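Colleague: There's a structure below that I have some questions on.
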Amino acid sequence: MEMILVVDHEKCTGCRLCEMVCSVRHTGVNNPTRSRIHVIKWPREGFELPMLCQQCEEAPCIAVCPKDALSRDPVLGRVMLNYDLCIGCKMCVIACPFGGMGIDTVIQQVIKCDLCDGDPACVRFCGSGALQFVPANRVNLIKKRDAGWKFSELMKKSLEAKN
Amino acid sequence: MALNRKIAYIDLSTGEFKTAPIPIEMRELYLGGRGLDMYLLYNHLEPSVDPLGPDNVLTVSAGLLVGTLASASARTHIGAKSPLTGFLGSSNMGGFFAPELRWAGFDHLVIKGKADGPVYLWIHDGEIEIRDASDIWGENVFDTQDLIKEELGDPEVKVLCIGIAGENLVRFANVMTGMKNAAGRSGMGAVMGSKNLKAIAVRGTMDLEIRFPEKALEYNQKLLEHIGSTKFAQIMQKWGTMFIYGVTNTTGLVRVRNFQLNQQVGGNIECEHIEEYALGSEGCYGCIMNCRHKYLIRDGPYAGTYGEGPEYTSQGAFGMEVGCNNFETVLVGNHLVNKYGLDTLETGSMMAWAMELYEVGILTDEDTDGLKLEWGNDDAVLELVNRIAERKGLGNILAEGPLRAAEKIGKGSIKYLIHVKGMSNLHSDERPTPSLALGIATGSRGSDHLRSRPAIDLYHLPEELLRKIYGGPKPYDGPLSSDYTSYEGKPRMVRWQEMMYEAIDCAGICKYHTIFLSPNLIAFDELSKLIYNNTGMEFSPEEIWDIADRAYTIERLFNIREGLTRADDWLVDRYFDEPTPIGLPIVRDKCIDREKFKQMIDEYYEQHGWDEDGVPRPETLKKLGLDGEPSHRL
């Protein structure tokens with residue numbers, strides 16, 4: 001079953017632990033500029049959102065790659081980068097609408113989320129549950145349950161008001 | 001690697017700076033953070049300088065484990081001679097500044113002199129610039145950070161700064177980063193203001209090496225799972241430190257109306273009220289405890305006010321201490337002190353003191369310019385915050401801190417002060433709890449619950465568990481008591497917590513992850529493993545205790561050099577003479593016994609290897625390698 005990494009921004013506390021473990025897992029050092037995930041923040045509104053590769057089905061990065069270095073891995077549901085073919089032209093960085101393709105200036109290579117080969121470190125460490133790794137065909141059910149919970153609270157209030 | 005970060009010495013008078021590596025031997029003696037800051041202060045500060053003059057030295061640092069896979073490794077430490085007490089100034093804060101400082105290549109900044117006009121420091125990837133801050137001077141804490149990020153063209157820049165309270169040299173002005181993180185205590189913001197230093201901005205992209213990445217990841221995951229499984233973490237995630245109010249108010253361990261009561265009867269400022277205003281919670285770097293709320297006031301005169309927090313301290317400052325019983329006042333007050341850059345604790349205590357003076361007639365409407373400082377007058381309380389930050393009228397006097405304000409007001413006002421060493425006490429009542437009282441009386445930065453409070457004493461833990469915690473890592477076979485009203489064995493608990501908090505401040509980890517409010521969290525053993533996994537340095541738990549002891553003793557030497565005596569390790573008379581009037585039977589009708597308290601201090605000194613005057617004995621200094629200080633190795 002294809003798994004996808006989903007983000008629930010309402011649960012994100014902005015702690016950036018995901019950035020730290022991503023960097024350490026992939027590079028052995030903590031350097032958020034080399035992390036594949038970044039929490040984008042608007043501190044004065046209290047809004048924060050982890051951003052990372054969406055592993056698109058029709059991925060712009062794959063479409064623009066002149067060397068076919070990028071391809072879909074249907075087993076793990078990810079877009080993979082073959083460094084043997086990559087020439088570092090950075091077309092994928094320009095084409096990605098989400099900033100999912102980054103540049104590691106230490107090793108001079110394009111980097112992206114590889115879902116840690118099926119066990120994403122960011123998900124393992126996320127304490128608030130803002131990052132989850134779930135079967136693709138269950139994503140909407142999880143959202144429905146969350147939304148349904150809020151809806152049921154409202155319904156209960158309306159019933160109380162009637163009584 | 002994590003150990004290759006540098007020290008920058010910056011002279012604001014000349015605009016010159018130099019950088020130097022931190023020798024591994026100094027790490028072995030002090031680790032980093034607060035410990036190394038204390039060494040730097042003791043070595044770079046001349047005795048008896050004016051804390052608000054150019055000769056004061058300000059240190060800003062990241063702890064040894066900041067930015068590594070150590071739980072909640074986010075702490076920035078700030079040190080200087082305190083303009084509030086005249087003794088040691090030392091305060092630390094969470095947020096995101098310290099890790100960024102490390103990615104920019106530095107662990108310690110030693111800032112001297114005074115700039116000709118307003119400036120801010122811009123530190124990025126090993127570079128240091130002193131930039132003009134004329135356009136930013138006068139801006140509040142939140143706008144200052146935005147304006148600097150805008151000027152530097154990078155929203156990821158991290159800024160620590162002062163608000164107008166620091167500019168106006170309010171002696172308890174704090175240093176802030178983000179919406180709420182504050183190095184609140186001991187007036188470090190006033191020191192920045194006195195140097196014309198509005199802010200420090202940092203941005204870094206340099207690798208921070210982790211010595212054993214896989215081991216560190218594995219150990220940290222287990223540790224976080226453990227921390228997350230504790231009741232304490234779960235309560236903090238939901239309510240933050242506001243939970244303390246409910247527990248301690250029910251018992252009768254809070255301070256109400258400037259020490260008149262120890263329980264807010266009918267108190268209605270419990271943590272649960274936050275649900276009406278909360279947008280979610282917020283964590284510091286790498287922390288799963290997310291102990292502060294993001295809140296928005298939607299309606300009423302303060303509609304649109306957005307802030308983070310509040311903490312127990314703001315419930316005290318804008319709730320029980322000033323006789324207010326309105327949660328929204330707590331939220332607005334918390335927002336105001338953060339905007340101005342004022343220490344919420346000291347602000348609340350100064351206001352409560354002024355209100356008691358108003359009640360007994362020492363202050364009149366003439367002194368307050370018509371402000372009715374009656375208990376529970378929410379509007380007057382919030383207005384007084386403005387006047388303190390702006391140094392207007394009575395606010396100008398209160399801005400001087402407890403002892404100077406009492407001197408200015410005169411008329412016996414000093415006997416209403418609740419302070420130690422010229423620093424106000426937390427809004428808790430320590431009369432029924434000798435261990436907590438000993439902690440505030442002896443804390444190296446003045447009255448303080450974050451220097452040595454054995455808060456778990458309040459849990460009546462079984463003696464065998466106390467023995468397990470307080471019996472090591474240095475052997476102790478003296479008495480320990482589960483009864484928090486007892487005087488027995490309490491000096492050991494205070495001494496142990498002192499060493500624990502010092503060590504954790506050297507590492508740059510948050511105290512909430514240690515044995516502070518939960519007996520199940522990190523102590524010396526775990527710290528030893530975290531240091532090894534992340535830096536490769538090997539210290540036994542006993543060796544970490546020795547490092548903490550060295551750093552704490554140098555703090556003592558600093559204070560003694562500034563004139564501290566045994567008489568300064570003491571409480572105000574009200575602790576001994578006015579018994580607690582209400583609360584549960586166990587805390588009612590309690591005050592501290594002078595003779596027993598004196599014996600506790602004797603025992604506390606003895607455990608430290610200090611003489612009866614509280615001066616470290618020569619053999620103690622020799623044992624800790626402090627006999628040659630100041631040694632000017634850095």
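Following the order of the structure tokens, first chain is A, next is B, and so on, with residues numbered from 1 inside each chain and ligands from 1 in the order they appear.
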Any idea which chain A residues end up within 10 Å of chain B if we count only C-alpha atoms, as number ranges by chain please?
Modeller: A: 10-21, 23-34, 40-48, 105-106, 121, 124-128
Colleague: Keeping only N, CA and C atoms, take the residues you just selected and write them out as a compact mmCIF listing (two decimals), in the first residue's frame.
Modeller:
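Result went into out.txt, see below:
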# COMPACT_ATOMS: atom_id res chain seq x y z
N GLU A 10 -2.60 22.57 11.96
CA GLU A 10 -3.21 22.99 13.24
C GLU A 10 -2.50 22.36 14.43
N LYS A 11 -1.87 21.22 14.20
CA LYS A 11 -1.18 20.55 15.30
C LYS A 11 0.28 20.97 15.42
N CYS A 12 0.82 21.61 14.40
CA CYS A 12 2.25 21.96 14.40
C CYS A 12 2.53 23.00 15.47
N THR A 13 3.57 22.73 16.30
CA THR A 13 3.95 23.67 17.35
C THR A 13 5.17 24.50 16.94
N GLY A 14 5.65 24.28 15.72
CA GLY A 14 6.75 25.09 15.21
C GLY A 14 8.10 24.79 15.83
N CYS A 15 8.27 23.60 16.46
CA CYS A 15 9.51 23.34 17.21
C CYS A 15 10.69 23.00 16.32
N ARG A 16 10.42 22.65 15.10
CA ARG A 16 11.48 22.36 14.10
C ARG A 16 12.30 21.11 14.43
N LEU A 17 11.78 20.26 15.30
CA LEU A 17 12.47 18.99 15.55
C LEU A 17 12.57 18.19 14.25
N CYS A 18 11.54 18.32 13.39
CA CYS A 18 11.55 17.61 12.10
C CYS A 18 12.75 18.04 11.26
N GLU A 19 13.05 19.35 11.28
CA GLU A 19 14.20 19.85 10.51
C GLU A 19 15.49 19.25 11.04
N MET A 20 15.58 19.21 12.39
CA MET A 20 16.82 18.71 13.00
C MET A 20 17.05 17.24 12.66
N VAL A 21 16.04 16.40 12.87
CA VAL A 21 16.26 14.97 12.66
C VAL A 21 16.42 14.64 11.18
N SER A 23 17.90 16.58 8.98
CA SER A 23 19.29 16.92 8.65
C SER A 23 20.26 15.87 9.20
N VAL A 24 20.08 15.49 10.45
CA VAL A 24 21.01 14.53 11.06
C VAL A 24 20.90 13.16 10.37
N ARG A 25 19.69 12.75 10.07
CA ARG A 25 19.46 11.45 9.43
C ARG A 25 20.14 11.40 8.05
N HIS A 26 20.07 12.51 7.29
CA HIS A 26 20.60 12.49 5.93
C HIS A 26 22.05 12.92 5.81
N THR A 27 22.53 13.75 6.75
CA THR A 27 23.88 14.29 6.59
C THR A 27 24.80 14.01 7.78
N GLY A 28 24.24 13.57 8.89
CA GLY A 28 25.06 13.33 10.09
C GLY A 28 25.36 14.60 10.86
N VAL A 29 24.90 15.75 10.35
CA VAL A 29 25.10 17.01 11.06
C VAL A 29 23.75 17.70 11.19
N ASN A 30 23.67 18.67 12.12
CA ASN A 30 22.45 19.47 12.17
C ASN A 30 22.69 20.79 11.47
N ASN A 31 22.09 20.91 10.30
CA ASN A 31 22.17 22.15 9.54
C ASN A 31 20.84 22.27 8.80
N PRO A 32 19.95 23.13 9.30
CA PRO A 32 18.62 23.17 8.70
C PRO A 32 18.62 23.53 7.22
N THR A 33 19.70 24.18 6.74
CA THR A 33 19.70 24.47 5.30
C THR A 33 19.88 23.18 4.49
N ARG A 34 20.28 22.09 5.17
CA ARG A 34 20.45 20.82 4.47
C ARG A 34 19.29 19.86 4.76
N ILE A 40 7.60 26.73 7.92
CA ILE A 40 7.47 28.13 7.53
C ILE A 40 6.54 28.79 8.55
N LYS A 41 6.98 29.98 9.05
CA LYS A 41 6.24 30.58 10.17
C LYS A 41 5.84 32.02 9.91
N TRP A 42 4.70 32.38 10.48
CA TRP A 42 4.28 33.76 10.55
C TRP A 42 4.06 34.06 12.04
N PRO A 43 5.14 34.46 12.73
CA PRO A 43 5.10 34.50 14.20
C PRO A 43 4.02 35.40 14.77
N ARG A 44 3.67 36.47 14.10
CA ARG A 44 2.72 37.40 14.71
C ARG A 44 1.28 36.99 14.54
N GLU A 45 1.06 35.99 13.67
CA GLU A 45 -0.30 35.45 13.56
C GLU A 45 -0.38 34.08 14.20
N GLY A 46 0.76 33.54 14.61
CA GLY A 46 0.77 32.22 15.22
C GLY A 46 0.49 31.11 14.23
N PHE A 47 0.90 31.30 12.99
CA PHE A 47 0.65 30.28 11.97
C PHE A 47 1.96 29.64 11.55
N GLU A 48 1.97 28.31 11.50
CA GLU A 48 3.18 27.62 11.05
C GLU A 48 2.82 26.38 10.24
N THR A 105 24.41 23.17 -0.28
CA THR A 105 25.60 23.88 -0.76
C THR A 105 26.89 23.27 -0.22
N VAL A 106 26.80 22.38 0.76
CA VAL A 106 28.01 21.74 1.27
C VAL A 106 28.50 20.66 0.30
N ALA A 121 11.94 9.95 9.42
CA ALA A 121 12.41 10.34 10.76
C ALA A 121 11.56 11.48 11.31
N ARG A 124 8.52 10.11 12.91
CA ARG A 124 8.84 9.39 14.16
C ARG A 124 9.05 10.34 15.33
N PHE A 125 9.65 11.48 15.06
CA PHE A 125 9.99 12.40 16.15
C PHE A 125 8.90 13.43 16.42
N CYS A 126 7.99 13.65 15.49
CA CYS A 126 7.01 14.72 15.68
C CYS A 126 6.13 14.43 16.89
N GLY A 127 6.24 15.25 17.92
CA GLY A 127 5.54 14.98 19.16
C GLY A 127 4.08 15.36 19.13
N SER A 128 3.70 16.26 18.24
CA SER A 128 2.34 16.80 18.28
C SER A 128 1.41 16.07 17.31
Colleague: Check the DSSP output for the backbone and give back, as a VMD selection string, the residues of segment 1-162 of chain A in strand (DSSP E or B).
Modeller: chain A and resid 3 to 7 29 to 30 38 to 42 47 to 51 70 to 73 78 to 81 102 to 104 109 to 111 131 to 135
Colleague: May I have the selected residues written with N, CA and C atoms, as a tab-separated table (two decimals), in the first residue's frame?
Modeller:
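Produced file result33.tsv, reproduced below:
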chain	number	residue	atom	x	y	z
A	3	MET	N	2.03	4.77	0.87
A	3	MET	CA	1.88	5.60	2.07
A	3	MET	C	2.15	7.05	1.68
A	4	ILE	N	1.48	7.97	2.32
A	4	ILE	CA	1.82	9.38	2.08
A	4	ILE	C	2.04	10.11	3.40
A	5	LEU	N	2.90	11.14	3.29
A	5	LEU	CA	3.23	11.94	4.47
A	5	LEU	C	2.30	13.15	4.47
A	6	VAL	N	1.43	13.21	5.47
A	6	VAL	CA	0.46	14.31	5.51
A	6	VAL	C	0.78	15.27	6.66
A	7	VAL	N	0.46	16.52	6.38
A	7	VAL	CA	0.75	17.59	7.34
A	7	VAL	C	-0.56	18.14	7.88
A	29	VAL	N	24.90	15.75	10.35
A	29	VAL	CA	25.10	17.01	11.06
A	29	VAL	C	23.75	17.70	11.19
A	30	ASN	N	23.67	18.67	12.12
A	30	ASN	CA	22.45	19.47	12.17
A	30	ASN	C	22.69	20.79	11.47
A	38	HIS	N	11.02	22.01	5.99
A	38	HIS	CA	11.16	23.30	6.68
A	38	HIS	C	9.82	23.76	7.21
A	39	VAL	N	9.85	24.28	8.43
A	39	VAL	CA	8.63	24.84	9.00
A	39	VAL	C	8.60	26.33	8.65
A	40	ILE	N	7.60	26.73	7.92
A	40	ILE	CA	7.47	28.13	7.53
A	40	ILE	C	6.54	28.79	8.55
A	41	LYS	N	6.98	29.98	9.05
A	41	LYS	CA	6.24	30.58	10.17
A	41	LYS	C	5.84	32.02	9.91
A	42	TRP	N	4.70	32.38	10.48
A	42	TRP	CA	4.28	33.76	10.55
A	42	TRP	C	4.06	34.06	12.04
A	47	PHE	N	0.90	31.30	12.99
A	47	PHE	CA	0.65	30.28	11.97
A	47	PHE	C	1.96	29.64	11.55
A	48	GLU	N	1.97	28.31	11.50
A	48	GLU	CA	3.18	27.62	11.05
A	48	GLU	C	2.82	26.38	10.24
A	49	LEU	N	3.63	26.12	9.24
A	49	LEU	CA	3.30	25.06	8.30
A	49	LEU	C	4.57	24.36	7.83
A	50	PRO	N	4.69	23.05	8.14
A	50	PRO	CA	5.83	22.31	7.61
A	50	PRO	C	5.67	22.12	6.10
A	51	MET	N	6.72	22.42	5.35
A	51	MET	CA	6.67	22.30	3.89
A	51	MET	C	7.73	21.28	3.44
A	70	LEU	N	15.10	12.03	-12.40
A	70	LEU	CA	14.00	11.94	-11.45
A	70	LEU	C	12.95	10.98	-11.97
A	71	SER	N	12.42	10.16	-11.08
A	71	SER	CA	11.38	9.22	-11.51
A	71	SER	C	10.49	8.86	-10.33
A	72	ARG	N	9.33	8.34	-10.62
A	72	ARG	CA	8.43	7.93	-9.55
A	72	ARG	C	8.74	6.51	-9.10
A	73	ASP	N	8.75	6.33	-7.78
A	73	ASP	CA	8.95	5.01	-7.21
A	73	ASP	C	7.57	4.58	-6.69
A	78	ARG	N	7.02	7.67	-3.90
A	78	ARG	CA	7.88	8.86	-3.80
A	78	ARG	C	8.51	9.17	-5.15
A	79	VAL	N	8.99	10.42	-5.24
A	79	VAL	CA	9.78	10.81	-6.40
A	79	VAL	C	11.24	10.67	-6.01
A	80	MET	N	11.98	9.87	-6.77
A	80	MET	CA	13.38	9.61	-6.43
A	80	MET	C	14.33	10.29	-7.38
A	81	LEU	N	15.48	10.64	-6.82
A	81	LEU	CA	16.51	11.33	-7.61
A	81	LEU	C	17.70	10.40	-7.73
A	102	GLY	N	15.58	21.18	-2.95
A	102	GLY	CA	16.50	22.15	-2.34
A	102	GLY	C	17.91	21.96	-2.86
A	103	ILE	N	18.81	22.84	-2.45
A	103	ILE	CA	20.21	22.72	-2.85
A	103	ILE	C	21.07	22.64	-1.60
A	104	ASP	N	21.81	21.56	-1.48
A	104	ASP	CA	22.75	21.41	-0.36
A	104	ASP	C	24.07	22.01	-0.82
A	109	GLN	N	24.76	19.57	-4.26
A	109	GLN	CA	23.81	18.69	-4.94
A	109	GLN	C	22.38	19.12	-4.64
A	110	VAL	N	21.50	18.75	-5.56
A	110	VAL	CA	20.08	18.97	-5.32
A	110	VAL	C	19.61	17.92	-4.31
A	111	ILE	N	18.75	18.33	-3.38
A	111	ILE	CA	18.26	17.36	-2.39
A	111	ILE	C	16.73	17.41	-2.32
A	131	LEU	N	2.78	15.72	11.76
A	131	LEU	CA	3.26	14.95	10.61
A	131	LEU	C	2.84	13.50	10.80
A	132	GLN	N	2.17	12.96	9.79
A	132	GLN	CA	1.76	11.56	9.89
A	132	GLN	C	2.05	10.85	8.58
A	133	PHE	N	2.35	9.56	8.69
A	133	PHE	CA	2.63	8.74	7.52
A	133	PHE	C	1.54	7.70	7.45
A	134	VAL	N	0.64	7.84	6.48
A	134	VAL	CA	-0.57	7.02	6.49
A	134	VAL	C	-0.83	6.41	5.11
A	135	PRO	N	-1.58	5.30	5.07
A	135	PRO	CA	-1.92	4.72	3.77
A	135	PRO	C	-2.70	5.75	2.94
Colleague: State, in Å with one decimal place, the distance from atom CA of Asn534 of chain B to atom CA of Val110 of chain B.
Modeller: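 Atom CA of Val110 of chain B lies at a distance of 25.4 Å from atom CA of Asn534 of chain B.
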Colleague: Please report the interatomic distance between atom CA of Thr251 of chain B and atom CA of Pro434 of chain B in Å with one decimal.
Modeller: 15.9 Å
Colleague: Per DSSP on the backbone, filter segment 2-125 of chain A down to the residues in helix (DSSP H, G or I) and report them as a PyMOL selection string.
Modeller: chain A and resi 17-27+32-34+60-64+91-95+115-118+121-125
Colleague: Compile the contact shell of Ile509 of chain B as a VMD selection string: residues with an atom at most 12 Å away, counting only C-alpha atoms, same-chain residues fewer than 4 positions apart removed.
Modeller: chain B and resid 32 to 34 62 to 77 92 to 95 98 to 99 284 to 287 500 to 505 513 to 514 522 to 523 526 to 527 530 to 531
Colleague: So which residues touch Trp137 of chain B within 8 Å, counting only C-alpha atoms, skipping near sequence neighbours fewer than 6 positions away, as a PyMOL selection string?
Modeller: chain B and resi 118+167+198
Colleague: Which polymer residues have any atom within 10 Å of an atom of Thr230 of chain B, counting only C-alpha atoms, with same-chain residues fewer than 3 positions away left out, as a PDB file with N, CA and C atoms, in the first residue's frame?
Modeller:
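Dumped to selection-v8.pdb:
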ATOM      1  N   GLU B 225      10.279   9.762  23.832  1.00  0.00           N
ATOM      2  CA  GLU B 225       9.116   8.914  24.105  1.00  0.00           C
ATOM      3  C   GLU B 225       8.871   8.836  25.607  1.00  0.00           C
ATOM      4  N   HIS B 226       9.960   8.721  26.350  1.00  0.00           N
ATOM      5  CA  HIS B 226       9.826   8.663  27.803  1.00  0.00           C
ATOM      6  C   HIS B 226       9.269   9.986  28.347  1.00  0.00           C
ATOM      7  N   ILE B 227       9.875  11.090  27.906  1.00  0.00           N
ATOM      8  CA  ILE B 227       9.424  12.398  28.399  1.00  0.00           C
ATOM      9  C   ILE B 227       7.945  12.598  28.060  1.00  0.00           C
ATOM     10  N   ALA B 233       4.678  16.095  31.306  1.00  0.00           N
ATOM     11  CA  ALA B 233       4.780  16.605  29.936  1.00  0.00           C
ATOM     12  C   ALA B 233       3.390  16.781  29.336  1.00  0.00           C
ATOM     13  N   GLN B 234       2.515  15.820  29.624  1.00  0.00           N
ATOM     14  CA  GLN B 234       1.169  15.896  29.047  1.00  0.00           C
ATOM     15  C   GLN B 234       0.390  17.095  29.593  1.00  0.00           C
ATOM     16  N   ILE B 235       0.598  17.386  30.868  1.00  0.00           N
ATOM     17  CA  ILE B 235      -0.062  18.560  31.452  1.00  0.00           C
ATOM     18  C   ILE B 235       0.525  19.844  30.856  1.00  0.00           C
ATOM     19  N   SER B 518       8.941  17.365  37.851  1.00  0.00           N
ATOM     20  CA  SER B 518       8.623  15.936  37.772  1.00  0.00           C
ATOM     21  C   SER B 518       9.828  15.142  38.233  1.00  0.00           C
ATOM     22  N   PRO B 519       9.632  14.096  39.048  1.00  0.00           N
ATOM     23  CA  PRO B 519      10.779  13.281  39.482  1.00  0.00           C
ATOM     24  C   PRO B 519      11.238  12.293  38.415  1.00  0.00           C
ATOM     25  N   ASN B 520      10.527  12.243  37.284  1.00  0.00           N
ATOM     26  CA  ASN B 520      10.811  11.204  36.279  1.00  0.00           C
ATOM     27  C   ASN B 520      11.640  11.687  35.107  1.00  0.00           C
ATOM     28  N   LEU B 521      12.193  12.882  35.187  1.00  0.00           N
ATOM     29  CA  LEU B 521      12.856  13.417  34.000  1.00  0.00           C
ATOM     30  C   LEU B 521      14.388  13.381  34.129  1.00  0.00           C
TER      31      LEU B 521
END
Colleague: As an exercise, work out the distance from atom CA of Leu398 of chain B to atom CA of His427 of chain B in Å and give it to one decimal place.
Modeller: 17.6 Å
Colleague: Quick one: everything within 10 Å of Ala59 of chain A, counting only C-alpha atoms, minus sequence neighbours fewer than 2 positions away in the same chain. Send it as a list in words.
Modeller: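 Those residues are Gln54, Gln55, Cys56, Glu57, Cys61, Ile62, Ala63, Val64, Leu70, Ser71, Arg72, Val79, Cys92, Ala95, Cys96 and Pro97 of chain A.
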